Every structure is written in structure tokens, then in C-alpha cells.
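Undergrad: Provided below: my_file_2.txt, containing compact mmCIF, N, CA and C atoms.
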```
# COMPACT_ATOMS: atom_id res chain seq x y z
N MET A 1 0.84 -1.18 0.00
CA MET A 1 0.00 0.00 0.00
C MET A 1 0.88 1.24 0.00
N ALA A 2 0.63 2.15 -0.89
CA ALA A 2 1.41 3.37 -0.98
C ALA A 2 1.07 4.29 0.19
N SER A 3 2.06 5.00 0.65
CA SER A 3 1.86 5.92 1.76
C SER A 3 1.06 7.12 1.28
N ALA A 4 0.06 7.51 2.03
CA ALA A 4 -0.75 8.66 1.68
C ALA A 4 0.04 9.93 1.87
N SER A 5 -0.34 10.98 1.17
CA SER A 5 0.32 12.26 1.36
C SER A 5 0.08 12.73 2.79
N PRO A 6 0.95 13.56 3.34
CA PRO A 6 0.79 13.98 4.74
C PRO A 6 -0.59 14.53 5.09
N PRO A 7 -1.21 15.42 4.26
CA PRO A 7 -2.53 15.90 4.67
C PRO A 7 -3.55 14.77 4.77
N THR A 8 -3.55 13.88 3.80
CA THR A 8 -4.49 12.78 3.82
C THR A 8 -4.20 11.86 4.99
N ARG A 9 -2.93 11.59 5.23
CA ARG A 9 -2.53 10.68 6.31
C ARG A 9 -2.96 11.24 7.67
N VAL A 10 -2.71 12.51 7.92
CA VAL A 10 -3.08 13.11 9.20
C VAL A 10 -4.59 13.11 9.36
N LEU A 11 -5.30 13.49 8.32
CA LEU A 11 -6.75 13.56 8.42
C LEU A 11 -7.37 12.18 8.54
N SER A 12 -6.74 11.15 8.00
CA SER A 12 -7.29 9.81 8.13
C SER A 12 -7.07 9.26 9.54
N LEU A 13 -6.08 9.77 10.25
CA LEU A 13 -5.80 9.30 11.59
C LEU A 13 -6.68 9.95 12.65
N CYS A 14 -7.16 11.12 12.39
CA CYS A 14 -7.97 11.79 13.40
C CYS A 14 -9.32 12.16 12.83
N ARG A 15 -10.26 12.33 13.69
CA ARG A 15 -11.63 12.62 13.27
C ARG A 15 -12.08 13.95 13.87
N GLY A 16 -12.98 14.60 13.19
CA GLY A 16 -13.58 15.82 13.73
C GLY A 16 -12.95 17.08 13.19
N LEU A 17 -13.70 18.16 13.25
CA LEU A 17 -13.24 19.43 12.70
C LEU A 17 -12.09 20.03 13.47
N ALA A 18 -12.10 19.91 14.80
CA ALA A 18 -11.00 20.48 15.59
C ALA A 18 -9.68 19.82 15.23
N CYS A 19 -9.69 18.50 15.13
CA CYS A 19 -8.47 17.79 14.77
C CYS A 19 -8.03 18.17 13.37
N ALA A 20 -8.97 18.26 12.45
CA ALA A 20 -8.64 18.63 11.08
C ALA A 20 -8.01 20.02 11.03
N ALA A 21 -8.57 20.95 11.79
CA ALA A 21 -8.01 22.31 11.81
C ALA A 21 -6.60 22.32 12.37
N LEU A 22 -6.37 21.57 13.44
CA LEU A 22 -5.02 21.50 14.01
C LEU A 22 -4.06 20.84 13.05
N ALA A 23 -4.50 19.78 12.39
CA ALA A 23 -3.64 19.09 11.44
C ALA A 23 -3.27 20.01 10.29
N TRP A 24 -4.24 20.72 9.75
CA TRP A 24 -3.94 21.62 8.64
C TRP A 24 -3.03 22.76 9.08
N ALA A 25 -3.21 23.26 10.29
CA ALA A 25 -2.33 24.31 10.80
C ALA A 25 -0.90 23.80 10.88
N ALA A 26 -0.72 22.59 11.36
CA ALA A 26 0.62 22.01 11.45
C ALA A 26 1.20 21.80 10.06
N LEU A 27 0.39 21.33 9.12
CA LEU A 27 0.86 21.08 7.77
C LEU A 27 1.23 22.37 7.06
N CYS A 28 0.41 23.40 7.22
CA CYS A 28 0.64 24.66 6.53
C CYS A 28 1.89 25.36 7.03
N THR A 29 2.26 25.13 8.25
CA THR A 29 3.46 25.75 8.80
C THR A 29 4.69 24.87 8.59
N GLY A 30 4.50 23.71 7.97
CA GLY A 30 5.62 22.80 7.74
C GLY A 30 6.01 22.03 8.99
N ALA A 31 5.14 22.02 9.99
CA ALA A 31 5.49 21.39 11.26
C ALA A 31 5.33 19.88 11.23
N TYR A 32 4.47 19.36 10.35
CA TYR A 32 4.22 17.92 10.32
C TYR A 32 5.18 17.25 9.36
N ALA A 33 5.72 16.13 9.75
CA ALA A 33 6.60 15.37 8.88
C ALA A 33 6.23 13.90 8.95
N GLU A 34 6.21 13.27 7.82
CA GLU A 34 5.94 11.83 7.73
C GLU A 34 7.28 11.10 7.92
N PRO A 35 7.29 9.99 8.66
CA PRO A 35 8.54 9.24 8.80
C PRO A 35 9.08 8.83 7.43
N SER A 36 10.37 8.94 7.24
CA SER A 36 10.96 8.57 5.96
C SER A 36 10.85 7.06 5.75
N ASP A 37 10.80 6.64 4.50
CA ASP A 37 10.67 5.22 4.17
C ASP A 37 11.86 4.42 4.69
N VAL A 38 13.05 4.99 4.64
CA VAL A 38 14.25 4.29 5.11
C VAL A 38 14.16 4.03 6.61
N GLU A 39 13.79 5.04 7.38
CA GLU A 39 13.69 4.88 8.83
C GLU A 39 12.52 3.98 9.22
N ARG A 40 11.42 4.07 8.48
CA ARG A 40 10.27 3.20 8.73
C ARG A 40 10.67 1.73 8.52
N SER A 41 11.41 1.47 7.44
CA SER A 41 11.87 0.10 7.17
C SER A 41 12.83 -0.39 8.25
N ALA A 42 13.72 0.49 8.70
CA ALA A 42 14.65 0.11 9.76
C ALA A 42 13.89 -0.21 11.05
N PHE A 43 12.87 0.58 11.36
CA PHE A 43 12.06 0.32 12.55
C PHE A 43 11.41 -1.05 12.45
N GLN A 44 10.81 -1.35 11.30
CA GLN A 44 10.15 -2.63 11.13
C GLN A 44 11.14 -3.79 11.19
N LYS A 45 12.36 -3.56 10.75
CA LYS A 45 13.37 -4.62 10.78
C LYS A 45 13.66 -5.05 12.22
N TYR A 46 13.66 -4.10 13.14
CA TYR A 46 14.01 -4.39 14.54
C TYR A 46 12.81 -4.54 15.47
N ASN A 47 11.60 -4.20 14.99
CA ASN A 47 10.40 -4.25 15.82
C ASN A 47 9.28 -4.93 15.03
N SER A 48 9.01 -6.16 15.36
CA SER A 48 8.00 -6.90 14.62
C SER A 48 6.60 -6.35 14.88
N CYS A 49 5.73 -6.56 13.92
CA CYS A 49 4.34 -6.11 14.01
C CYS A 49 3.64 -6.81 15.17
N PRO A 50 2.95 -6.06 16.03
CA PRO A 50 2.25 -6.68 17.16
C PRO A 50 1.14 -7.65 16.76
N SER A 51 0.51 -7.44 15.60
CA SER A 51 -0.61 -8.31 15.23
C SER A 51 -0.19 -9.53 14.41
N THR A 52 0.88 -9.42 13.61
CA THR A 52 1.28 -10.54 12.76
C THR A 52 2.62 -11.15 13.13
N GLY A 53 3.44 -10.39 13.84
CA GLY A 53 4.78 -10.86 14.18
C GLY A 53 5.78 -10.72 13.05
N ARG A 54 5.34 -10.20 11.90
CA ARG A 54 6.24 -10.04 10.76
C ARG A 54 7.08 -8.78 10.89
N ARG A 55 8.20 -8.78 10.22
CA ARG A 55 9.11 -7.63 10.26
C ARG A 55 9.11 -6.83 8.96
N SER A 56 8.12 -7.05 8.13
CA SER A 56 7.96 -6.27 6.90
C SER A 56 6.50 -6.34 6.47
N GLY A 57 6.13 -5.44 5.59
CA GLY A 57 4.77 -5.44 5.07
C GLY A 57 3.77 -4.76 5.98
N GLU A 58 2.51 -5.01 5.68
CA GLU A 58 1.41 -4.38 6.42
C GLU A 58 1.32 -4.92 7.85
N CYS A 59 0.74 -4.10 8.71
CA CYS A 59 0.51 -4.49 10.10
C CYS A 59 -0.92 -4.10 10.46
N PRO A 60 -1.87 -4.99 10.22
CA PRO A 60 -3.29 -4.67 10.44
C PRO A 60 -3.59 -4.23 11.87
N GLY A 61 -4.26 -3.08 11.98
CA GLY A 61 -4.67 -2.58 13.28
C GLY A 61 -3.63 -1.73 13.99
N TYR A 62 -2.46 -1.56 13.37
CA TYR A 62 -1.39 -0.78 14.00
C TYR A 62 -0.76 0.18 13.00
N ARG A 63 -0.19 1.24 13.52
CA ARG A 63 0.55 2.22 12.70
C ARG A 63 1.87 2.54 13.38
N ILE A 64 2.81 2.96 12.58
CA ILE A 64 4.09 3.42 13.11
C ILE A 64 3.96 4.92 13.35
N ALA A 65 4.32 5.37 14.53
CA ALA A 65 4.24 6.79 14.88
C ALA A 65 5.52 7.20 15.60
N TYR A 66 5.82 8.48 15.50
CA TYR A 66 6.95 9.02 16.25
C TYR A 66 6.65 8.99 17.74
N ARG A 67 7.65 8.71 18.56
CA ARG A 67 7.49 8.87 20.01
C ARG A 67 7.43 10.36 20.32
N VAL A 68 8.38 11.12 19.77
CA VAL A 68 8.41 12.58 19.91
C VAL A 68 8.36 13.15 18.50
N ALA A 69 7.35 13.95 18.21
CA ALA A 69 7.18 14.52 16.87
C ALA A 69 8.38 15.39 16.50
N PRO A 70 8.81 15.33 15.25
CA PRO A 70 9.96 16.14 14.83
C PRO A 70 9.77 17.64 15.04
N CYS A 71 8.53 18.12 14.95
CA CYS A 71 8.30 19.55 15.11
C CYS A 71 8.52 20.03 16.54
N VAL A 72 8.62 19.10 17.49
CA VAL A 72 8.89 19.48 18.88
C VAL A 72 10.22 18.91 19.36
N GLY A 73 11.11 18.62 18.40
CA GLY A 73 12.46 18.20 18.76
C GLY A 73 12.80 16.74 18.54
N GLY A 74 11.86 15.92 18.11
CA GLY A 74 12.14 14.51 17.84
C GLY A 74 12.91 14.35 16.54
N GLN A 75 13.59 13.24 16.41
CA GLN A 75 14.36 12.97 15.21
C GLN A 75 13.63 11.98 14.31
N ASP A 76 13.91 12.08 13.01
CA ASP A 76 13.38 11.11 12.06
C ASP A 76 14.34 9.93 12.06
N ARG A 77 14.29 9.17 13.15
CA ARG A 77 15.14 7.99 13.34
C ARG A 77 14.26 6.83 13.76
N TRP A 78 14.64 5.63 13.40
CA TRP A 78 13.83 4.47 13.76
C TRP A 78 13.75 4.30 15.27
N THR A 79 14.75 4.81 15.99
CA THR A 79 14.74 4.72 17.45
C THR A 79 13.71 5.66 18.08
N ASN A 80 13.15 6.59 17.30
CA ASN A 80 12.14 7.52 17.77
C ASN A 80 10.74 7.12 17.27
N MET A 81 10.56 5.85 16.94
CA MET A 81 9.28 5.38 16.42
C MET A 81 8.73 4.28 17.32
N GLN A 82 7.42 4.07 17.21
CA GLN A 82 6.76 3.04 18.01
C GLN A 82 5.53 2.53 17.27
N TRP A 83 5.12 1.30 17.59
CA TRP A 83 3.86 0.78 17.08
C TRP A 83 2.75 1.31 17.97
N LEU A 84 1.68 1.80 17.36
CA LEU A 84 0.49 2.23 18.10
C LEU A 84 -0.73 1.61 17.45
N SER A 85 -1.69 1.21 18.29
CA SER A 85 -2.96 0.72 17.74
C SER A 85 -3.64 1.87 17.01
N GLU A 86 -4.57 1.55 16.14
CA GLU A 86 -5.28 2.59 15.38
C GLU A 86 -5.88 3.67 16.28
N PRO A 87 -6.62 3.31 17.35
CA PRO A 87 -7.18 4.37 18.21
C PRO A 87 -6.09 5.21 18.89
N ALA A 88 -5.04 4.56 19.34
CA ALA A 88 -3.94 5.30 19.99
C ALA A 88 -3.22 6.19 18.97
N ALA A 89 -3.10 5.72 17.73
CA ALA A 89 -2.46 6.53 16.69
C ALA A 89 -3.28 7.76 16.37
N ARG A 90 -4.62 7.62 16.35
CA ARG A 90 -5.49 8.79 16.13
C ARG A 90 -5.31 9.81 17.24
N GLU A 91 -5.27 9.35 18.49
CA GLU A 91 -5.08 10.27 19.62
C GLU A 91 -3.70 10.93 19.56
N LYS A 92 -2.70 10.16 19.22
CA LYS A 92 -1.33 10.70 19.11
C LYS A 92 -1.27 11.73 17.98
N ALA A 93 -1.95 11.47 16.86
CA ALA A 93 -1.98 12.44 15.76
C ALA A 93 -2.61 13.75 16.21
N ARG A 94 -3.68 13.65 17.00
CA ARG A 94 -4.32 14.86 17.53
C ARG A 94 -3.36 15.65 18.43
N SER A 95 -2.73 14.95 19.35
CA SER A 95 -1.84 15.65 20.29
C SER A 95 -0.60 16.19 19.58
N ASP A 96 -0.07 15.44 18.61
CA ASP A 96 1.09 15.94 17.85
C ASP A 96 0.72 17.16 17.02
N ALA A 97 -0.44 17.14 16.38
CA ALA A 97 -0.88 18.28 15.58
C ALA A 97 -1.05 19.51 16.46
N ALA A 98 -1.61 19.33 17.65
CA ALA A 98 -1.79 20.46 18.57
C ALA A 98 -0.43 20.99 19.03
N ALA A 99 0.49 20.10 19.35
CA ALA A 99 1.83 20.53 19.79
C ALA A 99 2.57 21.25 18.67
N CYS A 100 2.45 20.73 17.45
CA CYS A 100 3.12 21.37 16.31
C CYS A 100 2.53 22.74 16.02
N ALA A 101 1.20 22.84 16.07
CA ALA A 101 0.53 24.11 15.82
C ALA A 101 0.91 25.13 16.89
N ALA A 102 0.96 24.69 18.16
CA ALA A 102 1.33 25.60 19.24
C ALA A 102 2.77 26.08 19.09
N ARG A 103 3.64 25.17 18.71
CA ARG A 103 5.04 25.54 18.54
C ARG A 103 5.22 26.47 17.36
N ALA A 104 4.43 26.27 16.30
CA ALA A 104 4.53 27.13 15.11
C ALA A 104 4.09 28.56 15.41
N LYS A 105 3.18 28.73 16.39
CA LYS A 105 2.71 30.07 16.76
C LYS A 105 3.77 30.86 17.51
N LYS A 106 4.71 30.16 18.14
CA LYS A 106 5.72 30.86 18.95
C LYS A 106 6.72 31.58 18.11
```
In C-alpha cells, what does this structure look like?
TA:
Amino acid sequence: MASASPPTRVLSLCRGLACAALAWAALCTGAYAEPSDVERSAFQKYNSCPSTGRRSGECPGYRIAYRVAPCVGGQDRWTNMQWLSEPAAREKARSDAAACAARAKK
């Protein structure tokens, strides 16, 4: 499955107008970043999928997310990534978008 563009990806992870507004604010200021394919692959190599146990390919019900969003000082490194369930990934997307938007205002 091809990775969705950042606006689509953020909006698919969170629901509601408030989340959408925060996500777009973060995107418009350049605060949101999608994990690079190289780092995502490295993460999967060392961290098997919680639902299938595989180290490559799709992971149903889970997403890879940054532990600390790059816009607030996190690095685009596989060591800064984690598996999150779909509901937890949606909540993390909301909180990351809010943090990125707040930081962009400063």
C-alpha cells in the first residue's frame, strides 16, 4: 500500500473538525513530517508487528508513529518510532498536531 500524502494521512488518523483544523495548521506551517521510508523500514526490521509478528509489510490494526514529533524536537530515526494501535495513533496524531501548531505560533 502506498503511503498517503501527509494531509491525507493526518486527516485519516484523526476525526472531527477540531483535529482537522489543528492538522492543517501544522501542515501549513511545515510542522508535520511523515517518517521517511528508510527509517520506517529500519524500525520494522528491529520491531515486529504486534498483530502478525512479521518484520515487513502491512501491520493490520497498527501504525508506526513518532514517540516525539519532529516539530517538537524529535528525530526522524527508527529509534524515535513506536507501534500504536489505530485508536492510539489517532489520539497521538491529535496531540502531535496540537503541539506542532502551538510551537509554530511561537
Undergrad: Could you tell me how far atom CA of Ser56 of chain A lies from atom CA of Ser85 of chain A, in Å and to one decimal?
TA: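 Separation of atom CA of Ser56 of chain A and atom CA of Ser85 of chain A: 16.9 Å.
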Undergrad: So what do you get for atom CA of Ala98 of chain A versus atom CA of Val72 of chain A, distance-wise?
TA: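 Distance reported for this atom pair: 10.7 Å.
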Undergrad: Box along x, y and z, 8 Å on every side, all listed atoms of segment 36-43 of chain A inside: centre and edge lengths in Å to one decimal, as AutoDock Vina command-line options.
TA:
```
--center_x 12.5 --center_y 3.9 --center_z 8.4 --size_x 20.4 --size_y 26.0 --size_z 24.4
```
Undergrad: What does the structure give for the distance between atom CA of Glu34 of chain A and atom CA of Arg55 of chain A, in Å to one decimal?
TA: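 Answer for the atom CA of Glu34 of chain A to atom CA of Arg55 of chain A separation: 19.9 Å.
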Undergrad: Name the residues in contact with Arg77 of chain A at a cut-off of 8 Å, using all atoms listed in the file, excluding same-chain residues fewer than 5 positions from it; report them as JSON, numbers by chain.
TA: {"A": [35, 36, 38, 39, 40, 42, 43, 66]}
